[in-house]
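Heads up, coords_4.pdb below (PDB, C-alpha atoms):
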```
ATOM      1  CA  MET J  28     165.091  -6.224  42.666
ATOM      2  CA  LEU J  29     165.134  -3.214  44.994
ATOM      3  CA  ARG J  30     161.396  -2.723  45.480
ATOM      4  CA  LYS J  31     161.350   0.732  47.071
ATOM      5  CA  LEU J  32     159.485   3.947  46.443
ATOM      6  CA  ILE J  33     161.851   6.875  47.043
ATOM      7  CA  ALA J  34     160.307  10.355  47.253
ATOM      8  CA  LEU J  35     162.588  13.367  46.870
ATOM      9  CA  ASP J  36     161.833  16.963  47.764
ATOM     10  CA  ILE J  37     163.458  19.582  45.497
ATOM     11  CA  ASP J  38     164.329  22.895  47.156
ATOM     12  CA  GLY J  39     166.801  22.508  49.996
ATOM     13  CA  THR J  40     167.045  18.789  49.238
ATOM     14  CA  LEU J  41     167.936  18.131  45.604
ATOM     15  CA  VAL J  42     168.899  21.702  44.759
ATOM     16  CA  GLY J  43     170.079  24.914  46.364
ATOM     17  CA  PRO J  44     170.216  28.490  45.058
ATOM     18  CA  THR J  45     171.714  27.413  41.704
ATOM     19  CA  ASN J  46     168.710  25.142  40.996
ATOM     20  CA  ARG J  47     171.048  22.406  39.774
ATOM     21  CA  VAL J  48     171.042  18.739  40.747
ATOM     22  CA  SER J  49     174.569  17.428  41.278
ATOM     23  CA  PRO J  50     175.925  14.854  38.791
ATOM     24  CA  ARG J  51     176.625  12.591  41.760
ATOM     25  CA  THR J  52     172.942  12.608  42.737
ATOM     26  CA  ILE J  53     171.814  11.987  39.155
ATOM     27  CA  GLU J  54     174.134   8.985  38.901
ATOM     28  CA  ALA J  55     172.931   7.505  42.211
ATOM     29  CA  VAL J  56     169.255   7.913  41.243
ATOM     30  CA  GLN J  57     169.813   6.273  37.871
ATOM     31  CA  ARG J  58     171.793   3.367  39.331
ATOM     32  CA  LEU J  59     169.117   2.651  41.950
ATOM     33  CA  SER J  60     166.414   2.913  39.275
ATOM     34  CA  GLN J  61     168.225   0.260  37.244
ATOM     35  CA  LEU J  62     168.126  -1.980  40.322
ATOM     36  CA  GLY J  63     164.334  -1.638  40.575
ATOM     37  CA  ALA J  64     163.748   1.369  42.828
ATOM     38  CA  THR J  65     160.911   3.704  41.859
ATOM     39  CA  PHE J  66     161.641   7.399  42.270
ATOM     40  CA  THR J  67     159.197  10.254  42.505
ATOM     41  CA  ILE J  68     159.441  13.942  43.276
ATOM     42  CA  ALA J  69     157.309  15.444  46.045
ATOM     43  CA  THR J  70     157.526  19.216  45.926
ATOM     44  CA  GLY J  71     155.696  22.457  46.521
ATOM     45  CA  ARG J  72     156.631  23.534  43.004
ATOM     46  CA  ARG J  73     154.259  23.577  40.063
ATOM     47  CA  LEU J  74     154.677  21.382  36.983
ATOM     48  CA  ARG J  75     156.597  23.885  34.843
ATOM     49  CA  ALA J  76     159.311  24.277  37.489
ATOM     50  CA  THR J  77     159.526  20.543  38.258
ATOM     51  CA  LEU J  78     159.620  18.798  34.879
ATOM     52  CA  PRO J  79     163.225  19.708  33.976
ATOM     53  CA  ILE J  80     164.498  18.136  37.201
ATOM     54  CA  ALA J  81     162.274  15.054  36.878
ATOM     55  CA  ARG J  82     163.540  14.500  33.343
ATOM     56  CA  GLU J  83     167.160  15.073  34.305
ATOM     57  CA  LEU J  84     166.806  12.355  36.948
ATOM     58  CA  GLY J  85     165.012  10.026  34.525
ATOM     59  CA  ILE J  86     161.877   9.813  36.670
ATOM     60  CA  SER J  87     158.936   8.167  34.921
ATOM     61  CA  ALA J  88     156.617   7.570  37.903
ATOM     62  CA  PRO J  89     153.907  10.135  38.684
ATOM     63  CA  ILE J  90     155.282  13.260  40.369
ATOM     64  CA  ILE J  91     153.684  15.066  43.323
ATOM     65  CA  LEU J  92     153.307  18.835  42.995
ATOM     66  CA  PHE J  93     151.878  21.717  45.008
ATOM     67  CA  ASN J  94     152.578  19.818  48.259
ATOM     68  CA  GLY J  95     150.240  16.974  47.311
ATOM     69  CA  SER J  96     147.445  18.919  45.605
ATOM     70  CA  LEU J  97     148.445  17.730  42.135
ATOM     71  CA  VAL J  98     149.825  14.457  40.760
ATOM     72  CA  VAL J  99     150.960  14.356  37.135
ATOM     73  CA  ASP J 100     152.425  11.727  34.810
ATOM     74  CA  PRO J 101     155.738  13.348  33.767
ATOM     75  CA  GLN J 102     155.735  11.565  30.406
ATOM     76  CA  SER J 103     152.186  12.069  29.114
ATOM     77  CA  LEU J 104     151.612  15.188  31.293
ATOM     78  CA  GLU J 105     148.216  13.759  32.199
ATOM     79  CA  THR J 106     146.748  15.031  35.477
ATOM     80  CA  LEU J 107     146.121  11.974  37.653
ATOM     81  CA  TYR J 108     144.870  13.784  40.759
ATOM     82  CA  GLN J 109     144.012  17.367  41.563
ATOM     83  CA  GLU J 110     142.530  19.095  44.581
ATOM     84  CA  THR J 111     141.564  22.738  44.188
ATOM     85  CA  LEU J 112     140.573  25.575  46.490
ATOM     86  CA  PRO J 113     136.868  26.458  46.725
ATOM     87  CA  HIS J 114     136.371  29.934  45.274
ATOM     88  CA  SER J 115     135.208  31.262  48.644
ATOM     89  CA  LEU J 116     138.452  30.115  50.271
ATOM     90  CA  ALA J 117     140.585  31.547  47.471
ATOM     91  CA  THR J 118     138.678  34.840  47.774
ATOM     92  CA  ARG J 119     139.197  35.181  51.512
ATOM     93  CA  SER J 120     142.881  34.296  51.192
ATOM     94  CA  ILE J 121     143.424  36.966  48.552
ATOM     95  CA  GLU J 122     141.512  39.546  50.572
ATOM     96  CA  ILE J 123     143.643  38.944  53.674
ATOM     97  CA  ILE J 124     146.887  39.134  51.707
ATOM     98  CA  HIS J 125     145.844  42.324  49.923
ATOM     99  CA  GLN J 126     144.688  43.910  53.184
ATOM    100  CA  GLU J 127     148.241  43.496  54.450
ATOM    101  CA  ALA J 128     149.589  45.119  51.242
ATOM    102  CA  GLU J 129     151.371  41.932  50.184
ATOM    103  CA  THR J 130     151.344  40.256  46.772
ATOM    104  CA  ALA J 131     148.902  37.383  46.219
ATOM    105  CA  PHE J 132     149.642  34.848  43.472
ATOM    106  CA  ALA J 133     146.979  32.377  42.318
ATOM    107  CA  TYR J 134     148.141  29.131  40.676
ATOM    108  CA  HIS J 135     146.147  27.193  38.087
ATOM    109  CA  GLN J 136     147.287  23.930  36.488
ATOM    110  CA  SER J 137     147.633  24.408  32.750
ATOM    111  CA  LEU J 138     149.955  22.939  30.139
ATOM    112  CA  SER J 139     149.990  26.264  28.319
ATOM    113  CA  PRO J 140     150.649  29.702  29.819
ATOM    114  CA  PRO J 141     149.551  31.564  31.787
ATOM    115  CA  ASP J 142     149.219  29.479  34.931
ATOM    116  CA  VAL J 143     150.098  32.082  37.579
ATOM    117  CA  PHE J 144     148.002  35.226  38.137
ATOM    118  CA  TYR J 145     148.351  38.333  40.274
ATOM    119  CA  GLN J 146     146.658  41.702  40.601
ATOM    120  CA  ARG J 147     149.211  43.958  42.236
ATOM    121  CA  ALA J 148     152.827  43.449  43.183
ATOM    122  CA  SER J 149     154.919  44.760  46.042
ATOM    123  CA  GLU J 150     158.195  46.549  45.379
ATOM    124  CA  LEU J 151     160.312  43.756  46.831
ATOM    125  CA  PRO J 152     163.125  42.943  44.372
ATOM    126  CA  PHE J 153     162.561  39.181  44.412
ATOM    127  CA  ILE J 154     158.847  39.632  43.646
ATOM    128  CA  LYS J 155     159.641  41.931  40.727
ATOM    129  CA  ALA J 156     162.283  39.509  39.442
ATOM    130  CA  TYR J 157     159.877  36.543  39.694
ATOM    131  CA  ILE J 158     157.244  38.393  37.687
ATOM    132  CA  GLU J 159     159.691  39.671  35.086
ATOM    133  CA  ARG J 160     161.113  36.174  34.596
ATOM    134  CA  GLY J 161     157.636  34.681  34.222
ATOM    135  CA  GLU J 162     156.592  37.299  31.714
ATOM    136  CA  ALA J 163     159.790  36.865  29.713
ATOM    137  CA  GLU J 164     159.842  33.041  29.711
ATOM    138  CA  GLY J 165     156.684  32.224  27.814
ATOM    139  CA  GLY J 166     154.334  34.529  29.674
ATOM    140  CA  TYR J 167     153.336  32.011  32.346
ATOM    141  CA  ILE J 168     152.647  34.852  34.809
ATOM    142  CA  ARG J 169     149.847  37.293  33.992
ATOM    143  CA  ARG J 170     148.630  40.431  35.711
ATOM    144  CA  VAL J 171     144.838  40.733  35.874
ATOM    145  CA  PRO J 172     142.693  43.739  36.850
ATOM    146  CA  ASP J 173     140.765  41.769  39.504
ATOM    147  CA  LEU J 174     142.353  38.613  40.890
ATOM    148  CA  ILE J 175     139.236  37.443  42.729
ATOM    149  CA  ASN J 176     137.105  37.693  39.586
ATOM    150  CA  ALA J 177     139.802  35.932  37.559
ATOM    151  CA  CYS J 178     139.868  33.052  40.044
ATOM    152  CA  ALA J 179     136.119  32.534  39.661
ATOM    153  CA  SER J 180     136.624  31.013  36.204
ATOM    154  CA  LEU J 181     139.753  29.006  37.059
ATOM    155  CA  SER J 182     140.525  25.897  39.103
ATOM    156  CA  ILE J 183     142.921  27.377  41.657
ATOM    157  CA  ILE J 184     145.299  24.955  43.339
ATOM    158  CA  ARG J 185     147.228  27.370  45.532
ATOM    159  CA  ILE J 186     147.229  30.937  46.787
ATOM    160  CA  LEU J 187     150.722  32.147  47.665
ATOM    161  CA  SER J 188     152.282  35.225  49.191
ATOM    162  CA  TRP J 189     155.990  35.857  49.464
ATOM    163  CA  GLY J 190     157.869  38.331  51.597
ATOM    164  CA  GLN J 191     160.262  39.145  54.404
ATOM    165  CA  GLY J 192     160.134  40.070  58.076
ATOM    166  CA  GLU J 193     157.168  40.692  60.331
ATOM    167  CA  ASP J 194     154.830  41.727  57.507
ATOM    168  CA  ILE J 195     154.729  38.314  55.858
ATOM    169  CA  LEU J 196     154.580  36.517  59.220
ATOM    170  CA  ARG J 197     151.526  38.599  60.084
ATOM    171  CA  VAL J 198     149.903  37.460  56.826
ATOM    172  CA  ALA J 199     150.578  33.827  57.751
ATOM    173  CA  GLU J 200     149.090  34.269  61.228
ATOM    174  CA  ARG J 201     145.943  35.964  59.913
ATOM    175  CA  LEU J 202     145.427  33.243  57.322
ATOM    176  CA  ARG J 203     145.882  30.498  59.907
ATOM    177  CA  THR J 204     143.554  32.159  62.401
ATOM    178  CA  GLN J 205     140.774  33.196  60.039
ATOM    179  CA  LEU J 206     140.806  30.096  57.813
ATOM    180  CA  VAL J 207     141.539  27.562  60.533
ATOM    181  CA  ASP J 208     138.689  25.159  59.718
ATOM    182  CA  GLU J 209     139.117  25.129  55.946
ATOM    183  CA  ALA J 210     142.696  25.711  54.913
ATOM    184  CA  LEU J 211     146.171  24.315  55.291
ATOM    185  CA  VAL J 212     148.473  27.326  55.656
ATOM    186  CA  LEU J 213     152.199  26.683  55.293
ATOM    187  CA  ALA J 214     154.911  29.225  56.051
ATOM    188  CA  ASP J 215     158.390  28.081  55.117
ATOM    189  CA  ASP J 216     161.791  29.730  54.777
ATOM    190  CA  TYR J 217     162.992  30.073  51.199
ATOM    191  CA  ARG J 218     166.376  31.650  50.480
ATOM    192  CA  ASP J 219     166.191  34.435  53.084
ATOM    193  CA  THR J 220     162.476  34.989  52.444
ATOM    194  CA  VAL J 221     159.249  33.353  53.630
ATOM    195  CA  LEU J 222     156.708  31.647  51.382
ATOM    196  CA  VAL J 223     153.150  31.514  52.710
ATOM    197  CA  GLU J 224     150.888  29.039  50.906
ATOM    198  CA  VAL J 225     147.177  28.247  51.193
ATOM    199  CA  TYR J 226     145.797  24.819  50.256
ATOM    200  CA  PRO J 227     142.608  22.927  51.087
ATOM    201  CA  ARG J 228     142.799  21.356  54.541
ATOM    202  CA  GLY J 229     143.965  17.740  54.397
ATOM    203  CA  VAL J 230     146.401  18.161  51.530
ATOM    204  CA  SER J 231     149.922  16.853  52.179
ATOM    205  CA  LYS J 232     152.860  15.203  50.494
ATOM    206  CA  GLY J 233     152.460  12.275  52.878
ATOM    207  CA  LYS J 234     148.891  11.591  51.757
ATOM    208  CA  ALA J 235     149.880  11.743  48.084
ATOM    209  CA  ILE J 236     152.858   9.423  48.604
ATOM    210  CA  ALA J 237     150.663   6.918  50.436
ATOM    211  CA  GLN J 238     148.276   6.851  47.475
ATOM    212  CA  LEU J 239     151.145   6.488  45.017
ATOM    213  CA  ALA J 240     152.718   3.655  47.002
ATOM    214  CA  ALA J 241     149.378   1.840  47.068
ATOM    215  CA  SER J 242     149.045   2.211  43.294
ATOM    216  CA  PHE J 243     152.425   0.489  42.871
ATOM    217  CA  GLY J 244     151.647  -2.171  45.472
ATOM    218  CA  ILE J 245     154.559  -0.972  47.617
ATOM    219  CA  ASP J 246     154.263  -1.344  51.388
ATOM    220  CA  GLN J 247     154.629   1.685  53.642
ATOM    221  CA  ALA J 248     157.721   0.067  55.184
ATOM    222  CA  ASP J 249     159.365   0.173  51.744
ATOM    223  CA  VAL J 250     158.833   3.907  51.221
ATOM    224  CA  ILE J 251     161.773   6.280  51.673
ATOM    225  CA  ALA J 252     161.256  10.049  51.809
ATOM    226  CA  ILE J 253     163.962  12.715  51.827
ATOM    227  CA  GLY J 254     163.208  16.354  52.637
ATOM    228  CA  ASP J 255     164.094  19.459  54.587
ATOM    229  CA  GLY J 256     161.066  21.717  55.092
ATOM    230  CA  ILE J 257     157.971  22.094  57.209
ATOM    231  CA  ASN J 258     155.968  20.832  54.228
ATOM    232  CA  ASP J 259     157.977  17.592  54.315
ATOM    233  CA  VAL J 260     157.022  16.615  57.861
ATOM    234  CA  GLU J 261     153.993  14.485  56.899
ATOM    235  CA  MET J 262     155.875  12.515  54.261
ATOM    236  CA  LEU J 263     158.827  11.919  56.597
ATOM    237  CA  GLU J 264     156.369  10.657  59.222
ATOM    238  CA  TYR J 265     154.569   8.394  56.723
ATOM    239  CA  ALA J 266     157.660   6.830  55.143
ATOM    240  CA  GLY J 267     159.102   3.616  56.459
ATOM    241  CA  LEU J 268     162.384   5.509  56.414
ATOM    242  CA  GLY J 269     162.228   9.293  56.676
ATOM    243  CA  VAL J 270     165.499  11.086  55.960
ATOM    244  CA  ALA J 271     165.977  14.753  56.869
ATOM    245  CA  MET J 272     168.665  16.885  55.295
ATOM    246  CA  GLY J 273     171.378  18.354  57.504
ATOM    247  CA  ASN J 274     169.926  21.773  56.687
ATOM    248  CA  ALA J 275     166.362  20.687  57.519
ATOM    249  CA  CYS J 276     164.068  22.613  59.845
ATOM    250  CA  PRO J 277     163.826  21.307  63.437
ATOM    251  CA  GLU J 278     160.337  19.889  62.849
ATOM    252  CA  ALA J 279     161.568  17.728  59.949
ATOM    253  CA  LYS J 280     164.591  16.479  61.887
ATOM    254  CA  GLN J 281     162.406  15.619  64.867
ATOM    255  CA  VAL J 282     160.179  13.209  62.921
ATOM    256  CA  ALA J 283     162.879  11.746  60.650
ATOM    257  CA  ASN J 284     164.451   8.353  61.263
ATOM    258  CA  ARG J 285     167.834   9.687  60.320
ATOM    259  CA  VAL J 286     169.634  12.824  59.160
ATOM    260  CA  THR J 287     171.976  12.981  56.168
ATOM    261  CA  ALA J 288     174.405  15.738  55.196
ATOM    262  CA  ARG J 289     173.336  19.192  54.051
ATOM    263  CA  GLN J 290     172.141  19.902  50.512
ATOM    264  CA  GLU J 291     175.351  21.710  49.589
ATOM    265  CA  GLU J 292     177.300  18.686  50.877
ATOM    266  CA  ASP J 293     175.422  16.319  48.530
ATOM    267  CA  GLY J 294     173.364  14.821  51.333
ATOM    268  CA  VAL J 295     170.933  13.082  48.958
ATOM    269  CA  ALA J 296     173.761  11.473  46.986
ATOM    270  CA  LEU J 297     175.510  10.330  50.159
ATOM    271  CA  PHE J 298     172.378   8.610  51.420
ATOM    272  CA  LEU J 299     171.573   6.988  48.060
ATOM    273  CA  GLU J 300     175.139   5.746  47.753
ATOM    274  CA  GLU J 301     174.706   4.046  51.147
ATOM    275  CA  LEU J 302     171.655   2.274  49.729
ATOM    276  CA  LEU J 303     173.696   1.146  46.762
ATOM    277  CA  LYS J 304     176.394  -0.246  49.042
ATOM    278  CA  GLY J 305     173.751  -2.083  51.037
ATOM    279  CA  VAL J 306     172.329  -3.670  47.893
ATOM    280  CA  ALA J 307     175.789  -4.687  46.718
ATOM    281  CA  ALA J 308     176.550  -6.285  50.097
ATOM    282  CA  SER J 309     173.293  -8.271  50.241
TER     283      SER J 309
END
```
Would you put the structure from the file into structure tokens?
Amino acid sequence: MLRKLIALDIDGTLVGPTNRVSPRTIEAVQRLSQLGATFTIATGRRLRATLPIARELGISAPIILFNGSLVVDPQSLETLYQETLPHSLATRSIEIIHQEAETAFAYHQSLSPPDVFYQRASELPFIKAYIERGEAEGGYIRRVPDLINACASLSIIRILSWGQGEDILRVAERLRTQLVDEALVLADDYRDTVLVEVYPRGVSKGKAIAQLAASFGIDQADVIAIGDGINDVEMLEYAGLGVAMGNACPEAKQVANRVTARQEEDGVALFLEELLKGVAAS
């Protein structure tokens, strides 16, 4: 039996702009699962955007969402772990983002829509498209007259802003500087844009994977993590074998034990197929 816990990031790792996992990757995941490996997903995405990929891969182990703030059973949809932002921290994050005339989104874990809230939106095309898609697909995004007041009655997991150029980088710097003792602020490239996320300090994919491994009785040395972004650094450091994508940021490549091919070159599949060959040869 291949007793390994294998954690996979989604964006830039499993999928690219088409949001599709390659058949080759699906086959490799399923073959390794049959040999005893346990797969999980560790992503910054929320549940609604993660479940289709988890189910396509046949993952039954708990999945890690919102960069470690939420762990959910993908079969029962039961929340196993959740860490939320204090209302005061959510309030200050929203205020800073709005002061810079950027859009603030607040995320709340819910099995029924809405689970994403905003007060005012910028004119950036990708922001408008995100909102229109959310409103059209089940109404999971909702505009509210006062985002801070709305957050007071909700358990907010993440505050997010999304933009381009110096404006969004200034938001990230202000959040980091003014919330330095309380918040984890991540700024990561996403398809020619920058996502800026606010979480409680101490949250990470690495911490969540460590807890999941312990629950399965799997040693740290037997954990494999594959990722590409700044939010993957902690899990690549924690894993017995950290694998960075060829398209990974420099910080991820620096802490990884090895680098596979790029996402568009099926880097995940190539690495998993190497594992399969190793099992067959042993």
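Restricting the calculation to all atoms listed in the file, the smallest distance between Asn284 in chain J and any of J:Gly254, J:Gly39, J:Gly305, J:Gly229 is found for J:Gly254.
Counting only C-alpha atoms, the residue from J:Leu202, J:Val171, J:Leu239, J:Ala179 that sits nearest to Glu127 in chain J is J:Leu202.
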(request) Write out as a VMD selection string the residues lying within 10 Å of range 205-218 of chain J, counting all atoms listed in the file and excluding same-chain residues fewer than 3 positions away. (result) chain J and resid 38 to 39 43 to 44 94 112 to 113 116 to 117 119 to 120 123 186 to 191 195 to 196 198 to 202 221 to 231 256 to 258 276
(request) Counting only C-alpha atoms, find the residues whose atoms lie at most 9 Å from (141.9, 24.4, 40.6) (file coordinates) and write them out as a PyMOL selection string. (result) chain J and resi 109-113+134-136+178+181-185
(message) Which residues are near Tyr265 in chain J? Cut-off 8 Å, only C-alpha atoms, ignore same chain within fewer than 3 positions. Put them as a PyMOL selection string.
(response) chain J and resi 233+237+247+261-262+269
(request) Just give me the gap between CA of Ala235 in chain J and CA of Gly95 in chain J in Å, one decimal is fine. (result)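 According to the coordinates, CA of Ala235 in chain J and CA of Gly95 in chain J are separated by 5.3 Å.
Distance-wise, CA of Leu74 in chain J and CA of Arg30 in chain J end up 26.4 Å apart.
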Give me the box for range 200-213 of chain J as lines of an AutoDock Vina configuration file, namely the centre and edge lengths in Å to one decimal of a box along x, y and z that holds every listed atom plus 4 Å on each side.
```
center_x = 145.4
center_y = 30.1
center_z = 58.7
size_x = 21.5
size_y = 19.6
size_z = 15.5
```
(request) Quick one: pull the distance between CA of Leu268 in chain J and CA of Asp255 in chain J, Å, one decimal. (result)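 CA of Leu268 in chain J sits 14.2 Å away from CA of Asp255 in chain J.
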